[in-house]
Each structure stands twice: as C-alpha cells, then as structure tokens.
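> I have a structure I would like to understand better, so I am pasting it below and will then ask my questions one at a time.
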Amino acid sequence: MDMAEQPGTFPAHLPQPPSDAVPAPPSERAAPDTGLKPITRLISEDRISRIVPETATKVEVSFSSVFTRRFLHDDYNFVASKCSVARGGKVKALDEAFRDAEEWFTRVTEWLTTKNQLEFSIGYETVALEVPNALAGRLVRLLNQYDKLSAATLFAHVGRSISGTERDTQLDIASRRINIIHTLCIPDNDRFAADGSRLA
C-alpha cells in the first residue's frame with residue numbers, strides 16, 4: 001500500500017469497546033450515542049429542491065464518522081445540485097475525480113483486509129438524502145466507503161495491526177479525495193476545457 005502521501009491532521013478517536021449495558025427503551029434508540037450532533041436539516045436544501053432530477057431517488061445513509069456527517073450537512077446538497085447542471089468539460093473533470101477516488105478506495109479496502117481487526121459495536125446516525133443524478137449516487141457511495149474506512153481503520157488500530165499515524169494518513173487521503181470533487185463543483189461550466197482541464 002502506498003503510504004507516501006502526506007499525513008494530515010484528522011484526529012484519531014479511539015473509543016473503548018462498550019461494556020454490557022441495559023438496552024435503552026425504543027424512544028431513546030432514535031438518537032444513537034454517536035457523539036455527533038444529530039442532523040436536523042441539510043444546508044442548501046432550497047438549492048437542491050429547485051433541480052429537476054434525472055432520477056427520483058431518495059436514500060437513507062447511516063454514518064458514524066465526523067467527516068461524513070460534516071460533508072452531508074454542509075456540502076452534499078451543493079455538490080448534488082452542481083452535478084445536475086454540470087456540462088461539457090466539467091462533467092469530464094468530475095468523472096475523472098470520481099474514478100480516481102473510487103480506485104483509491106478499492107486499493108485501501110483491499111489493503112485493510114490483510115490487517116487484523118478487533119471489531120466492536122459503534123453508534124450510527126441515519127439521514128435521508130435526495131439523489132437527483134448518477135454523480136450524486138457515486139458521491140453517496142464514496143461517503144459510505146469513507147465511513148466504512150473510518151470504522152475499519154479504527155478496528156485495525158485497536159487490533160494493533162496499524163498505527164495511529166497510518167490511520168490518520170489514510171483518513172486524510174480519503175477526505176481529500178472526496179473534497180476534490182467538492183472543489184471541482186465550485187467553478188461554472190465555462191471554466192473547464194473540453195478535456196476536463198481547468199481554464200485560467
């Protein structure tokens with residue numbers, strides 16, 4: 001596995017495996033103990049509501065990581081709506097960024113299968129998302145992969161098969177792969193050449 005990319009500052013949070021506890025009443029289970037503030041409303045809901053969707057799909061996404069929660073709350077609707085109106089070279093640039101991220105996640109997932117993992121129960125939060133186009137669907141899959149990577153690297157770290165630095169590095173690379181897609185969504189279509197390159 002290529003570990004040459006610089007590690008970032010993504011915090012390694014290492015909760016201890018939960019001890020046996022009395023099950024909570026059903027009303028309390030609606031808000032799992034993830035340590036995250038529940039998402040009550042996604043930013044840019046008005047923007048995505050104005051988009052004429054290519055698909056009429058709504059999905060529920062479960063997550064436990066801080067990065068996934070922040071991206072869903074702050075950036076998902078913006079990226080999904082910008083993908084809906086992307087044309088020409090911008091579509092090509094986005095497709096290439098998605099492909100690079102998807103290939104990287106495949107490689108790191110294969111690498112983690114070789115590591116000892118000590119699994120334990122962690123809490124998940126669930127949010128409903130509108131998926132108006134195929135690129136938004138790919139984004140949801142990447143965010144799911146990030147969340148699985150966060151859990152798997154935590155389990156591997158607790159299992160003492162990777163170091164805290166290795167975990168931080170992989171999560172930092174993963175978040176940057178996804179943030180590249182967000183960055184590409186910001187410029188308008190006319191800022192991209194037909195080959196997907198950015199115009200000055």
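Just remember, in the structure tokens the first chain shown is A, the second B, etc., residues are 1-based per chain, and ligands are 1-based in the order shown.
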Residues near Ser64 (chain A), anyone? I mean within 7 Å using only C-alpha atoms, not counting same-chain ones fewer than 2 positions away, as a VMD selection string.
chain A and resid 34 66 123 to 125 147
> Quick one: pick out all helix (DSSP H, G or I) residues within region 96-187 of chain A from a backbone DSSP run and write them as an NGL selection string.
:A and (96-112 or 134-158 or 164-185)
> Find the residue from A:Leu149, A:Leu139, A:Val158, A:Val91 that sits nearest to Phe120 (chain A); use only C-alpha atoms when measuring.
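Distance minimum relative to Phe120 (chain A) lands on A:Val158.
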> Taking only C-alpha atoms into account, name the residue in A:Asn133, A:Glu166, A:Arg177, A:Trp104 that is nearest to Ala86 (chain A).
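For Ala86 (chain A), the nearest of the given residues is A:Asn133.
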> Return the single residue from A:Ser62, A:Asn77, A:Thr126, A:Gln170 that is closest to Trp111 (chain A), with distances computed using only C-alpha atoms.
A:Gln170
> What does the structure give for the distance between CA of Tyr146 (chain A) and CA of Pro187 (chain A), in Å to one decimal?
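CA of Pro187 (chain A) lies 25.0 Å from CA of Tyr146 (chain A).
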> Calculated over only C-alpha atoms, which of the candidates A:Leu94, A:Ile178, A:Ile173, A:Ala156 has the smallest distance to Gly196 (chain A)?
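Answer, going by the shortest atom-to-atom distance: A:Leu94.
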> With only C-alpha atoms as the counted atoms, please give the residues lying no more than 12 Å from Ile186 (chain A), apart from itself and same-chain residues fewer than 2 positions off, as a PyMOL selection string.
chain A and resi 75+78-83+85-86+90+94+179-184+188-192+198
> Could those selected residues go to a file with C-alpha atoms, as a CSV table (one decimal), in the first residue's frame?

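Dumped everything to selection.csv:
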chain,number,residue,atom,x,y,z
A,75,ASP,CA,-21.7,20.1,1.2
A,78,PHE,CA,-24.5,21.8,-3.1
A,79,VAL,CA,-22.4,19.1,-4.8
A,80,ALA,CA,-25.5,17.1,-5.9
A,81,SER,CA,-27.2,20.2,-7.4
A,82,LYS,CA,-24.0,21.4,-9.2
A,83,CYS,CA,-23.5,17.9,-10.6
A,85,VAL,CA,-26.2,21.3,-14.1
A,86,ALA,CA,-22.6,20.3,-15.0
A,90,LYS,CA,-16.8,19.9,-16.1
A,94,LEU,CA,-15.8,15.3,-12.2
A,179,ASN,CA,-13.1,17.2,-1.2
A,180,ILE,CA,-11.5,17.4,-4.6
A,181,ILE,CA,-15.0,16.6,-6.0
A,182,HIS,CA,-16.5,19.4,-3.9
A,183,THR,CA,-13.8,21.9,-5.2
A,184,LEU,CA,-14.5,21.0,-8.8
A,188,ASP,CA,-19.0,27.3,-13.6
A,189,ASN,CA,-19.1,25.1,-16.7
A,190,ASP,CA,-17.3,27.7,-18.8
A,191,ARG,CA,-14.2,27.4,-16.5
A,192,PHE,CA,-13.4,23.9,-17.9
A,198,ARG,CA,-9.3,24.0,-15.7
> One decimal, Å: what's the distance from CA of Arg138 (chain A) over to CA of Leu112 (chain A), could you say?
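Between CA of Arg138 (chain A) and CA of Leu112 (chain A) the gap works out to 21.8 Å.
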> Using DSSP on the backbone coordinates, identify the residues of region 35-185 of chain A assigned to strand (DSSP E); present them as a VMD selection string.
chain A and resid 57 to 63 125 to 131
> Which is closest to Ser84 (chain A) among A:Ala101, A:Pro132, A:Ala151, A:Val61, if we use only C-alpha atoms?
A:Pro132
> Tell me which of A:Glu119, A:Glu130, A:Asp172, A:Asp195 sits closest to Leu72 (chain A), counting only C-alpha atoms.
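Distance minimum relative to Leu72 (chain A) lands on A:Glu130.
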> Please indicate the distance in Å from CA of Leu129 (chain A) to CA of Glu60 (chain A), rounded to one decimal place.
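Separation of CA of Leu129 (chain A) and CA of Glu60 (chain A): 6.2 Å.
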